[in-house]
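Peer 1: Next up, target.txt (compact mmCIF, C-alpha atoms and all ligand atoms).
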# COMPACT_ATOMS: atom_id res chain seq x y z
CA MET A 1346 -69.75 24.22 -58.04
CA ARG A 1347 -66.00 24.23 -57.67
CA ILE A 1348 -63.12 25.81 -59.54
CA LEU A 1349 -59.64 24.38 -60.03
CA ASP A 1350 -58.06 27.83 -59.85
CA ASN A 1351 -54.90 29.25 -61.40
CA CYS A 1352 -53.56 26.04 -62.98
CA GLY A 1353 -52.23 25.03 -66.37
CA VAL A 1354 -54.47 22.87 -68.57
CA VAL A 1355 -53.50 20.27 -71.17
CA THR A 1356 -56.91 19.83 -72.79
CA ASN A 1357 -55.93 17.12 -75.32
CA ASP A 1358 -58.98 18.35 -77.30
CA SER A 1359 -59.01 18.21 -81.12
CA SER A 1360 -57.03 21.49 -81.35
CA ARG A 1361 -54.53 20.26 -78.70
CA LEU A 1362 -55.06 23.52 -76.76
CA ILE A 1363 -52.65 23.98 -73.84
CA HIS A 1364 -52.58 26.68 -71.14
CA ASN A 1365 -49.21 26.54 -69.36
CA GLU A 1366 -50.51 28.61 -66.42
CA GLY A 1367 -53.12 31.13 -65.26
CA ALA A 1368 -56.11 29.03 -66.35
CA ALA A 1369 -59.01 27.50 -64.44
CA ILE A 1370 -61.59 24.74 -64.78
CA ALA A 1371 -65.13 25.10 -63.45
CA ILE A 1372 -66.90 21.92 -62.37
CA ASP A 1373 -70.57 21.40 -61.61
CA ARG A 1374 -71.16 18.06 -59.87
CA ASP A 1375 -69.46 15.46 -62.13
CA ARG A 1376 -69.01 17.59 -65.28
CA ILE A 1377 -66.69 20.29 -66.60
CA VAL A 1378 -68.74 23.42 -67.31
CA ALA A 1379 -66.02 25.90 -68.30
CA ILE A 1380 -62.30 26.13 -69.09
CA GLY A 1381 -60.65 29.53 -69.54
CA THR A 1382 -58.37 32.08 -67.95
CA ALA A 1383 -58.56 32.10 -64.15
CA GLU A 1384 -59.92 35.66 -64.24
CA GLU A 1385 -62.75 34.79 -66.64
CA ILE A 1386 -63.76 31.73 -64.68
CA ARG A 1387 -63.73 33.57 -61.32
CA ASP A 1388 -65.92 36.33 -62.81
CA GLN A 1389 -68.28 33.78 -64.31
CA TYR A 1390 -68.65 31.74 -61.09
CA PRO A 1391 -68.03 34.16 -58.17
CA ASN A 1392 -69.67 31.91 -55.56
CA ALA A 1393 -67.97 28.63 -56.47
CA GLU A 1394 -65.56 26.89 -54.09
CA ARG A 1395 -62.00 27.71 -55.26
CA ILE A 1396 -59.24 25.12 -55.02
CA ASP A 1397 -55.88 26.84 -55.50
CA MET A 1398 -53.81 24.87 -58.03
CA THR A 1399 -50.95 27.30 -58.60
CA GLY A 1400 -47.97 25.46 -60.13
CA LYS A 1401 -50.07 22.43 -61.10
CA ILE A 1402 -51.10 21.44 -64.62
CA ALA A 1403 -54.38 19.60 -65.26
CA PHE A 1404 -54.34 16.61 -67.62
CA PRO A 1405 -57.26 14.43 -68.68
CA GLY A 1406 -57.32 11.55 -66.18
CA PHE A 1407 -55.27 8.61 -67.43
CA VAL A 1408 -56.81 5.32 -68.52
CA ASN A 1409 -55.16 2.04 -67.56
CA SER A 1410 -56.75 -0.15 -70.23
CA HIS A 1411 -55.46 -3.51 -69.06
CA THR A 1412 -54.54 -4.45 -65.54
CA HIS A 1413 -54.84 -7.17 -62.94
CA THR A 1414 -54.51 -5.33 -59.63
CA VAL A 1415 -54.87 -8.67 -57.83
CA LEU A 1416 -51.54 -9.81 -59.29
CA THR A 1417 -49.62 -7.31 -57.17
CA VAL A 1418 -49.38 -10.48 -55.07
CA LEU A 1419 -46.53 -11.52 -57.42
CA ARG A 1420 -44.57 -8.30 -56.92
CA GLY A 1421 -40.92 -8.81 -56.11
CA LEU A 1422 -41.07 -12.47 -57.06
CA ALA A 1423 -42.05 -12.97 -60.67
CA GLU A 1424 -40.60 -9.96 -62.51
CA ASP A 1425 -37.34 -11.64 -63.50
CA GLN A 1426 -38.78 -15.02 -64.51
CA GLY A 1427 -39.93 -14.22 -68.04
CA PRO A 1428 -42.93 -16.19 -69.35
CA HIS A 1429 -42.30 -18.90 -66.71
CA SER A 1430 -44.17 -16.72 -64.20
CA LEU A 1431 -47.21 -16.99 -66.45
CA TYR A 1432 -47.24 -20.79 -66.64
CA GLY A 1433 -45.57 -21.54 -63.29
CA GLN A 1434 -47.45 -19.11 -61.02
CA MET A 1435 -50.23 -17.09 -62.62
CA TYR A 1436 -52.12 -20.05 -64.07
CA PRO A 1437 -51.79 -22.49 -61.13
CA MET A 1438 -52.47 -19.77 -58.54
CA LYS A 1439 -56.08 -19.65 -59.69
CA THR A 1440 -56.80 -22.78 -57.63
CA VAL A 1441 -55.37 -21.17 -54.49
CA ILE A 1442 -56.33 -17.50 -54.46
CA GLU A 1443 -59.34 -16.52 -52.34
CA ASP A 1444 -61.62 -13.51 -52.38
CA GLN A 1445 -59.95 -12.06 -49.26
CA HIS A 1446 -56.60 -12.08 -51.15
CA ARG A 1447 -58.20 -10.58 -54.26
CA HIS A 1448 -59.84 -7.80 -52.29
CA ALA A 1449 -56.71 -6.82 -50.33
CA LEU A 1450 -54.28 -6.98 -53.26
CA GLY A 1451 -56.88 -5.45 -55.59
CA MET A 1452 -57.15 -2.49 -53.22
CA LEU A 1453 -53.35 -2.13 -53.10
CA GLY A 1454 -53.09 -2.14 -56.90
CA SER A 1455 -56.03 0.24 -57.28
CA VAL A 1456 -54.50 2.73 -54.83
CA ASP A 1457 -51.20 2.44 -56.71
CA THR A 1458 -52.68 3.12 -60.14
CA LEU A 1459 -54.95 5.93 -58.85
CA ARG A 1460 -51.95 7.67 -57.26
CA SER A 1461 -50.17 7.60 -60.62
CA GLY A 1462 -53.01 9.69 -62.08
CA THR A 1463 -55.19 6.87 -63.43
CA THR A 1464 -58.84 7.86 -63.18
CA THR A 1465 -60.18 4.85 -65.11
CA MET A 1466 -58.81 1.34 -64.68
CA VAL A 1467 -59.81 -1.69 -66.70
CA GLU A 1468 -59.41 -4.67 -64.40
CA ASN A 1469 -59.88 -8.28 -65.42
CA TYR A 1470 -59.07 -11.46 -63.56
CA GLU A 1471 -60.85 -14.60 -62.48
CA GLY A 1472 -62.66 -13.49 -59.32
CA SER A 1473 -62.19 -9.77 -60.04
CA THR A 1474 -65.69 -9.14 -58.79
CA ALA A 1475 -63.97 -9.03 -55.36
CA VAL A 1476 -62.09 -5.91 -56.52
CA ALA A 1477 -65.30 -4.00 -57.29
CA PRO A 1478 -66.03 -3.00 -53.66
CA ALA A 1479 -62.44 -1.72 -53.37
CA ALA A 1480 -62.84 0.45 -56.48
CA GLU A 1481 -66.21 1.65 -55.23
CA LYS A 1482 -64.72 2.76 -51.90
CA LEU A 1483 -61.57 4.28 -53.40
CA GLY A 1484 -63.53 6.47 -55.83
CA ILE A 1485 -61.71 5.41 -59.02
CA ARG A 1486 -63.66 4.82 -62.24
CA ALA A 1487 -63.38 1.13 -62.97
CA VAL A 1488 -64.36 -1.25 -65.74
CA ILE A 1489 -64.11 -4.67 -64.12
CA SER A 1490 -64.67 -8.10 -65.58
CA GLU A 1491 -64.61 -11.72 -64.62
CA VAL A 1492 -62.65 -13.89 -67.04
CA ALA A 1493 -63.74 -17.12 -68.71
CA ASN A 1494 -61.67 -19.95 -70.16
CA ASP A 1495 -62.30 -23.65 -70.56
CA ALA A 1496 -58.70 -24.90 -70.59
CA VAL A 1497 -57.68 -26.43 -67.26
CA MET A 1498 -55.06 -23.84 -66.30
CA VAL A 1499 -53.18 -25.89 -63.73
CA ASN A 1500 -52.23 -28.47 -66.39
CA ILE A 1501 -50.76 -25.93 -68.80
CA ARG A 1502 -47.64 -25.64 -66.66
CA ARG A 1503 -46.97 -29.27 -67.62
CA GLY A 1504 -47.59 -28.43 -71.28
CA ARG A 1505 -51.01 -30.14 -71.34
CA TYR A 1506 -53.97 -28.34 -72.85
CA GLU A 1507 -57.14 -30.05 -71.61
CA PHE A 1508 -60.57 -28.49 -71.87
CA SER A 1509 -63.48 -28.76 -69.47
CA GLU A 1510 -66.93 -27.70 -70.64
CA GLU A 1511 -68.15 -27.72 -67.05
CA GLN A 1512 -65.40 -25.34 -65.90
CA GLY A 1513 -66.04 -23.12 -68.92
CA GLN A 1514 -69.75 -22.89 -68.08
CA GLU A 1515 -69.00 -22.05 -64.43
CA GLN A 1516 -66.78 -19.19 -65.52
CA LEU A 1517 -69.25 -17.96 -68.12
CA ASP A 1518 -71.85 -17.88 -65.35
CA ALA A 1519 -69.43 -15.84 -63.19
CA VAL A 1520 -68.84 -13.39 -66.08
CA GLU A 1521 -72.58 -12.85 -66.47
CA ALA A 1522 -73.36 -12.69 -62.73
CA HIS A 1523 -70.69 -10.02 -62.27
CA ILE A 1524 -72.20 -7.93 -65.09
CA LYS A 1525 -75.65 -8.20 -63.50
CA ASN A 1526 -74.31 -7.27 -60.05
CA TRP A 1527 -72.00 -4.39 -60.94
CA HIS A 1528 -72.71 -2.83 -64.35
CA GLY A 1529 -73.62 0.81 -63.69
CA ALA A 1530 -72.88 0.70 -59.95
CA ALA A 1531 -71.68 3.74 -57.94
CA ASN A 1532 -73.74 6.13 -60.11
CA GLY A 1533 -72.31 4.60 -63.26
CA ARG A 1534 -68.68 4.90 -62.10
CA ILE A 1535 -68.29 1.12 -62.14
CA THR A 1536 -69.06 -0.71 -65.36
CA THR A 1537 -68.17 -4.11 -66.74
CA GLN A 1538 -67.00 -6.11 -69.74
CA ALA A 1539 -67.14 -9.75 -70.79
CA SER A 1540 -63.62 -11.19 -70.79
CA ALA A 1541 -62.21 -14.33 -72.32
CA HIS A 1542 -58.75 -15.26 -71.12
CA ALA A 1543 -56.74 -15.98 -74.30
CA PRO A 1544 -57.03 -17.84 -77.63
CA ASP A 1545 -55.04 -20.86 -76.40
CA THR A 1546 -57.05 -21.26 -73.19
CA CYS A 1547 -60.48 -20.74 -74.78
CA SER A 1548 -62.27 -23.00 -77.24
CA ARG A 1549 -64.12 -21.60 -80.24
CA ASP A 1550 -67.40 -22.52 -78.56
CA LEU A 1551 -66.55 -20.66 -75.35
CA LEU A 1552 -65.47 -17.53 -77.25
CA ARG A 1553 -68.81 -17.49 -79.06
CA LYS A 1554 -70.61 -17.70 -75.71
CA VAL A 1555 -68.58 -14.75 -74.37
CA ILE A 1556 -69.68 -12.72 -77.42
CA ASP A 1557 -73.30 -13.71 -76.71
CA ILE A 1558 -73.02 -12.46 -73.12
CA ALA A 1559 -71.45 -9.17 -74.26
CA GLU A 1560 -74.18 -8.60 -76.84
CA LYS A 1561 -76.97 -9.54 -74.44
CA HIS A 1562 -75.78 -7.01 -71.83
CA ASP A 1563 -74.37 -4.43 -74.27
CA VAL A 1564 -70.86 -4.45 -72.75
CA GLY A 1565 -67.41 -4.59 -74.35
CA LEU A 1566 -65.09 -7.56 -74.83
CA HIS A 1567 -61.59 -8.13 -73.44
CA ILE A 1568 -58.91 -10.75 -74.12
CA HIS A 1569 -55.15 -11.44 -74.00
CA LEU A 1570 -53.93 -11.87 -77.56
CA ALA A 1571 -50.65 -13.08 -79.08
CA GLN A 1572 -48.95 -12.73 -75.72
CA THR A 1573 -46.42 -15.59 -75.92
CA PRO A 1574 -44.97 -17.92 -78.58
CA ARG A 1575 -46.51 -20.87 -76.71
CA GLU A 1576 -50.00 -19.40 -77.12
CA VAL A 1577 -49.51 -18.84 -80.85
CA GLN A 1578 -48.07 -22.35 -81.38
CA GLN A 1579 -50.92 -23.94 -79.46
CA VAL A 1580 -53.57 -22.10 -81.50
CA GLN A 1581 -51.75 -22.95 -84.73
CA GLN A 1582 -51.74 -26.61 -83.75
CA ARG A 1583 -55.40 -26.66 -82.68
CA GLU A 1584 -57.01 -24.32 -85.22
CA GLY A 1585 -54.50 -24.26 -88.08
CA MET A 1586 -54.10 -20.49 -87.93
CA GLY A 1587 -52.54 -17.69 -85.87
CA SER A 1588 -54.19 -16.27 -82.73
CA VAL A 1589 -55.47 -13.10 -84.41
CA GLU A 1590 -56.84 -14.99 -87.42
CA PHE A 1591 -58.55 -17.40 -85.06
CA LEU A 1592 -60.30 -14.55 -83.20
CA HIS A 1593 -61.23 -12.99 -86.54
CA SER A 1594 -62.83 -16.29 -87.63
CA VAL A 1595 -64.86 -16.39 -84.41
CA GLY A 1596 -66.08 -12.79 -84.86
CA PHE A 1597 -64.30 -11.54 -81.75
CA LEU A 1598 -62.40 -8.60 -83.32
CA GLY A 1599 -63.87 -5.09 -83.60
CA PRO A 1600 -64.16 -1.72 -81.86
CA GLN A 1601 -65.92 -3.38 -78.91
CA LEU A 1602 -62.77 -5.40 -78.10
CA ILE A 1603 -59.70 -4.56 -76.00
CA ALA A 1604 -56.97 -7.01 -77.02
CA ALA A 1605 -54.02 -6.89 -74.64
CA HIS A 1606 -50.43 -7.45 -75.85
CA CYS A 1607 -50.60 -8.32 -79.61
CA VAL A 1608 -46.85 -8.96 -79.58
CA TYR A 1609 -46.42 -12.15 -81.65
CA ILE A 1610 -48.31 -11.16 -84.80
CA ASN A 1611 -47.53 -11.12 -88.53
CA PRO A 1612 -48.25 -8.34 -91.09
CA ARG A 1613 -51.55 -9.93 -92.13
CA GLU A 1614 -52.68 -9.99 -88.50
CA ILE A 1615 -51.69 -6.33 -88.07
CA GLN A 1616 -54.06 -5.54 -90.96
CA LEU A 1617 -56.87 -7.65 -89.43
CA LEU A 1618 -56.58 -5.79 -86.11
CA GLY A 1619 -56.38 -2.44 -87.90
CA LYS A 1620 -59.26 -2.95 -90.33
CA SER A 1621 -61.54 -4.25 -87.58
CA GLY A 1622 -60.84 -1.13 -85.45
CA THR A 1623 -59.84 -3.28 -82.48
CA THR A 1624 -58.20 -1.58 -79.50
CA VAL A 1625 -54.76 -2.88 -78.66
CA ALA A 1626 -53.87 -2.39 -75.00
CA HIS A 1627 -50.14 -1.80 -75.33
CA ASN A 1628 -48.50 -3.10 -72.17
CA ALA A 1629 -45.23 -1.31 -72.78
CA LEU A 1630 -43.53 -2.01 -69.47
CA MET A 1631 -44.53 -5.68 -69.58
CA ASN A 1632 -43.24 -5.83 -73.19
CA GLY A 1633 -39.93 -4.45 -72.01
CA ARG A 1634 -39.80 -6.82 -69.08
CA ARG A 1635 -40.40 -9.83 -71.34
CA GLY A 1636 -37.96 -8.61 -73.97
CA LYS A 1637 -40.26 -8.16 -76.98
CA VAL A 1638 -42.22 -5.09 -78.04
CA ALA A 1639 -45.53 -5.09 -79.92
CA PRO A 1640 -45.54 -3.46 -83.40
CA THR A 1641 -47.51 -0.54 -81.95
CA MET A 1642 -46.80 2.09 -84.59
CA HIS A 1643 -47.72 -0.37 -87.38
CA LEU A 1644 -50.94 -1.36 -85.61
CA GLU A 1645 -51.89 2.30 -85.26
CA ALA A 1646 -51.06 3.01 -88.91
CA ALA A 1647 -53.25 0.05 -89.92
CA GLY A 1648 -56.20 1.56 -88.04
CA ALA A 1649 -56.09 -0.06 -84.61
CA ASN A 1650 -56.86 2.11 -81.58
CA ILE A 1651 -53.90 2.18 -79.20
CA ALA A 1652 -54.42 2.39 -75.44
CA LEU A 1653 -51.93 1.76 -72.63
CA GLY A 1654 -52.07 -0.89 -69.93
CA SER A 1655 -49.89 -1.71 -66.96
CA ASP A 1656 -50.73 -5.45 -67.02
CA ASN A 1657 -49.46 -6.87 -63.76
CA MET A 1658 -47.14 -6.31 -60.80
CA HIS A 1659 -46.79 -2.60 -61.50
CA GLU A 1660 -49.58 -0.07 -61.73
CA ASP A 1661 -47.72 3.19 -62.39
CA MET A 1662 -49.12 4.68 -65.60
CA VAL A 1663 -46.58 7.53 -65.68
CA ALA A 1664 -43.85 4.89 -65.94
CA VAL A 1665 -45.89 2.99 -68.55
CA ALA A 1666 -46.24 6.15 -70.66
CA ARG A 1667 -42.50 6.87 -70.66
CA THR A 1668 -41.69 3.22 -71.34
CA ALA A 1669 -44.12 3.24 -74.30
CA LEU A 1670 -42.19 6.15 -75.76
CA VAL A 1671 -38.81 4.52 -75.18
CA VAL A 1672 -39.48 0.93 -76.26
CA ASN A 1673 -41.27 1.95 -79.46
CA ARG A 1674 -38.45 4.33 -80.41
CA ILE A 1675 -35.98 1.50 -79.91
CA ARG A 1676 -38.18 -0.90 -81.88
CA GLU A 1677 -38.50 1.53 -84.79
CA ALA A 1678 -34.86 2.72 -84.46
CA ASP A 1679 -36.24 6.25 -84.75
CA GLY A 1680 -35.78 8.99 -82.15
CA SER A 1681 -38.90 10.91 -83.13
CA ILE A 1682 -41.76 8.38 -83.15
CA PRO A 1683 -43.86 8.06 -81.16
CA SER A 1684 -43.92 11.70 -80.00
CA SER A 1685 -44.78 12.68 -76.43
CA HIS A 1686 -48.15 13.89 -77.75
CA ASP A 1687 -48.79 10.49 -79.39
CA VAL A 1688 -48.12 8.80 -76.05
CA LEU A 1689 -50.38 11.18 -74.11
CA ASP A 1690 -53.10 10.45 -76.63
CA TRP A 1691 -52.73 6.68 -76.07
CA LEU A 1692 -52.84 7.30 -72.30
CA THR A 1693 -56.04 9.39 -72.46
CA MET A 1694 -58.20 9.42 -75.65
CA GLY A 1695 -56.99 5.98 -76.74
CA GLY A 1696 -58.13 4.63 -73.41
CA ALA A 1697 -61.44 6.48 -73.64
CA ARG A 1698 -62.08 5.08 -77.13
CA SER A 1699 -61.17 1.58 -75.95
CA LEU A 1700 -64.24 1.75 -73.70
CA GLY A 1701 -66.56 3.64 -76.04
CA MET A 1702 -66.37 6.47 -73.49
CA GLU A 1703 -64.81 9.11 -75.76
CA ASP A 1704 -67.78 11.47 -75.25
CA ASP A 1705 -67.23 11.41 -71.47
CA ILE A 1706 -63.50 11.09 -70.77
CA GLY A 1707 -60.09 11.30 -72.52
CA SER A 1708 -59.87 15.08 -72.87
CA LEU A 1709 -60.71 18.15 -70.80
CA GLU A 1710 -63.64 19.78 -72.54
CA VAL A 1711 -66.90 21.42 -71.51
CA GLY A 1712 -69.58 18.77 -71.02
CA LYS A 1713 -67.16 15.94 -70.29
CA LYS A 1714 -66.72 14.18 -66.96
CA ALA A 1715 -64.50 15.98 -64.45
CA ASP A 1716 -61.93 13.14 -64.38
CA ILE A 1717 -58.80 15.26 -63.94
CA THR A 1718 -55.18 14.57 -62.96
CA LEU A 1719 -53.19 17.57 -61.69
CA VAL A 1720 -49.42 17.24 -61.87
CA ASP A 1721 -47.15 19.42 -59.73
CA PHE A 1722 -44.81 21.06 -62.26
CA ARG A 1723 -43.17 23.42 -59.74
CA GLN A 1724 -40.18 21.07 -59.44
CA PRO A 1725 -36.65 21.14 -60.83
CA HIS A 1726 -37.08 18.07 -63.06
CA LEU A 1727 -40.17 19.57 -64.76
CA GLN A 1728 -38.80 23.07 -65.47
CA PRO A 1729 -38.32 25.20 -67.54
CA LEU A 1730 -41.84 24.95 -68.87
CA ILE A 1731 -42.21 25.14 -72.65
CA ASP A 1732 -44.35 22.17 -73.69
CA PRO A 1733 -45.76 20.45 -70.58
CA VAL A 1734 -46.67 17.31 -72.53
CA VAL A 1735 -43.03 16.76 -73.51
CA ASN A 1736 -41.89 17.51 -69.95
CA PHE A 1737 -44.48 15.14 -68.55
CA VAL A 1738 -43.77 12.12 -70.76
CA HIS A 1739 -39.98 12.47 -70.61
CA ASN A 1740 -39.47 13.60 -67.01
CA ALA A 1741 -42.45 13.14 -64.70
CA HIS A 1742 -42.88 10.53 -61.98
CA ALA A 1743 -46.02 9.14 -60.37
CA ARG A 1744 -45.09 11.04 -57.18
CA ASP A 1745 -45.60 14.30 -59.11
CA VAL A 1746 -49.34 13.57 -59.30
CA HIS A 1747 -50.73 16.02 -56.73
CA THR A 1748 -54.52 15.95 -57.02
CA VAL A 1749 -56.92 13.61 -58.80
CA LEU A 1750 -60.64 14.11 -59.39
CA VAL A 1751 -63.07 11.45 -60.58
CA ASP A 1752 -66.69 12.45 -61.31
CA GLY A 1753 -65.77 15.89 -59.91
CA GLU A 1754 -64.80 14.44 -56.50
CA VAL A 1755 -61.27 14.86 -55.13
CA VAL A 1756 -59.96 11.30 -54.63
CA VAL A 1757 -56.22 12.11 -54.32
CA ARG A 1758 -55.04 15.19 -52.44
CA ASP A 1759 -51.36 16.09 -51.88
CA GLY A 1760 -50.45 12.75 -53.47
CA LYS A 1761 -52.46 10.65 -50.99
CA THR A 1762 -55.76 8.88 -51.52
CA VAL A 1763 -58.65 10.56 -49.72
CA ASN A 1764 -61.09 7.68 -49.17
CA VAL A 1765 -58.88 4.93 -47.73
CA ASP A 1766 -56.17 4.71 -45.06
CA GLU A 1767 -53.07 3.83 -47.11
CA ASP A 1768 -51.19 2.34 -44.12
CA GLU A 1769 -54.08 -0.01 -43.52
CA VAL A 1770 -54.17 -0.94 -47.22
CA ILE A 1771 -50.43 -1.76 -47.18
CA ASP A 1772 -50.59 -3.80 -43.96
CA ASN A 1773 -53.62 -5.73 -45.15
CA ALA A 1774 -52.04 -6.47 -48.54
CA ASN A 1775 -48.88 -7.80 -46.88
CA GLU A 1776 -50.82 -9.99 -44.52
CA MET A 1777 -52.94 -11.43 -47.33
CA ALA A 1778 -49.91 -11.94 -49.63
CA ARG A 1779 -48.15 -13.95 -46.90
CA ASP A 1780 -51.28 -16.03 -46.36
CA PHE A 1781 -51.64 -16.62 -50.09
CA TRP A 1782 -48.02 -17.79 -50.60
CA ARG A 1783 -48.25 -20.15 -47.61
CA LYS A 1784 -51.27 -21.79 -49.24
CA PHE A 1785 -49.68 -21.79 -52.70
CA GLN A 1786 -46.59 -23.56 -51.40
CA ALA A 1787 -48.69 -26.08 -49.47
CA GLN A 1788 -50.44 -27.04 -52.71
CA TYR A 1789 -47.61 -26.85 -55.24
CA GLY A 1790 -44.65 -27.81 -53.08
CA GLY A 1791 -41.77 -25.91 -51.59
CA THR A 1792 -41.05 -24.04 -54.76
CA VAL A 1793 -43.07 -21.50 -56.68
CA MET A 1794 -40.92 -21.97 -59.76
CA PRO A 1795 -42.42 -23.74 -62.79
CA GLU A 1796 -41.86 -27.43 -63.47
CA ARG A 1797 -39.92 -28.18 -66.62
ZN ZN B 1 -52.85 -9.30 -68.67
Kindly return the structure encoded in the file as structure tokens.

Peer 2:
Amino acid sequence: MRILDNCGVVTNDSSRLIHNEGAAIAIDRDRIVAIGTAEEIRDQYPNAERIDMTGKIAFPGFVNSHTHTVLTVLRGLAEDQGPHSLYGQMYPMKTVIEDQHRHALGMLGSVDTLRSGTTTMVENYEGSTAVAPAAEKLGIRAVISEVANDAVMVNIRRGRYEFSEEQGQEQLDAVEAHIKNWHGAANGRITTQASAHAPDTCSRDLLRKVIDIAEKHDVGLHIHLAQTPREVQQVQQREGMGSVEFLHSVGFLGPQLIAAHCVYINPREIQLLGKSGTTVAHNALMNGRRGKVAPTMHLEAAGANIALGSDNMHEDMVAVARTALVVNRIREADGSIPSSHDVLDWLTMGGARSLGMEDDIGSLEVGKKADITLVDFRQPHLQPLIDPVVNFVHNAHARDVHTVLVDGEVVVRDGKTVNVDEDEVIDNANEMARDFWRKFQAQYGGTVMPER
């Protein structure tokens, strides 16, 4: 038994109950057993270990619903290249990257997102199974998937879409093997999904097979959807319909699916995503970086579940939350929507719902998992304290995350991860990134820029 003593609590429960200070949370093993005033909780559990959290406010642990921690390898190189980084680097790099690179960069990205208060990350990339041991060691909750596609990715940079059934089958086998190896690992802290890459890089037949795998193993689905104009044009040309309509015709949409991006969609497609109850992982910072923002408020109004994702090269979910507020207000030309509370809900309950884990995570309530992010509010930029949710979304930084618990275990203390040596993680990631880019340049020439 342990008590997070004398803190504030943003429960994000159905009544949106908030204690600004003087509260406490009692935890038994991996679950929350009581939330109340510090005095009540101390009286109720006199023998519990007490962790003093004066000045800190507890939030439900954040959910990063769409990330590729491995792609931190592109950091500092690809951010200013627009969609060219996608076709010029991300697709061709799949023939170069090795498990040692994936593990090292995956660990770096996982440490980064955990330190920003993320307690659950949804990681998908070809070869992501190499990230699972990193997540296991770090102590973060992780939903990891291998990704299947049957388009030959290296040719897409030259504008050629060619499909290989053999390659598709290999990747489907990897998706299924990963599920068998990792689903439910680390006492259930690590789970899996079945991911397809995107509508333009996956044939109808392959998408159906991904659904079959998901149904067979009772796991969720994941895909990139309506991410770029090129994707939408390609699907239009091949299937005679938009990307969302194509997925609808395959039977891919629904509450079991996390669809990342959903930027290039029309009003009919907004309705399809809404009516099917699909989760849209809103990658707000990536939207901003690429210069076009998804119709998030319209998707939510139509019935879609909104969650937040960092996508790639950055993993800071505090920054993603604030960016989601800012870019959607600009898109709607309205200074009041979304509210800070809307954004916190996307960051927590939206993420929980995206995984069908709303009974376990997403809010701080008795009986739920003790996945808790404590933010240090005793700082000039977070005072005075009236509504901590507004202060958090508008003014907080990842460095304000003080303590993080996952399954009741402290995994970040004083802003540093507990289970790994961060200096070692940084050195290893740099060494592996240098090795990767040497090999990339040897294969694709002296430039990493896309061919035109
Ligand atoms: Zn992505």

Peer 1: Quick one: pull the distance between atom CA of A:Gly1406 and atom CA of A:Glu1767, Å, one decimal.

Peer 2: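 A separation of 21.0 Å between them.
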
Peer 1: Residues within 12 Å of stretch 1497-1504 of chain A, please, as an MDAnalysis selection string. Count only C-alpha atoms; anything in the same chain fewer than 2 positions from it doesn't count.

Peer 2: chainID A and resid 1428:1441 1471 1493:1495 1506:1513 1516 1542:1543 1545:1548 1575:1576 1578:1579 1788:1789 1793:1797

Peer 1: My list of candidates is A:Gln1582, A:Thr1399, A:Thr1414, A:Asn1673. Which is closest to ligand ZN 1 (chain B) when distances are computed with all atoms listed in the file?

Peer 2: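 Closest candidate: A:Thr1414.
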
Peer 1: Find the distance between atom CA of A:Ala1487 and atom CA of A:Pro1733 and write it in Å to one decimal.

Peer 2: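 Atom-to-atom, atom CA of A:Ala1487 to atom CA of A:Pro1733, that is 27.2 Å.
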
Peer 1: Using only C-alpha atoms and all ligand atoms, what are the residues with an atom within 7 Å of ligand ZN 1 (chain B), set out as an NGL selection string?

Peer 2: :A and (1411-1413 or 1569 or 1605 or 1656-1657)
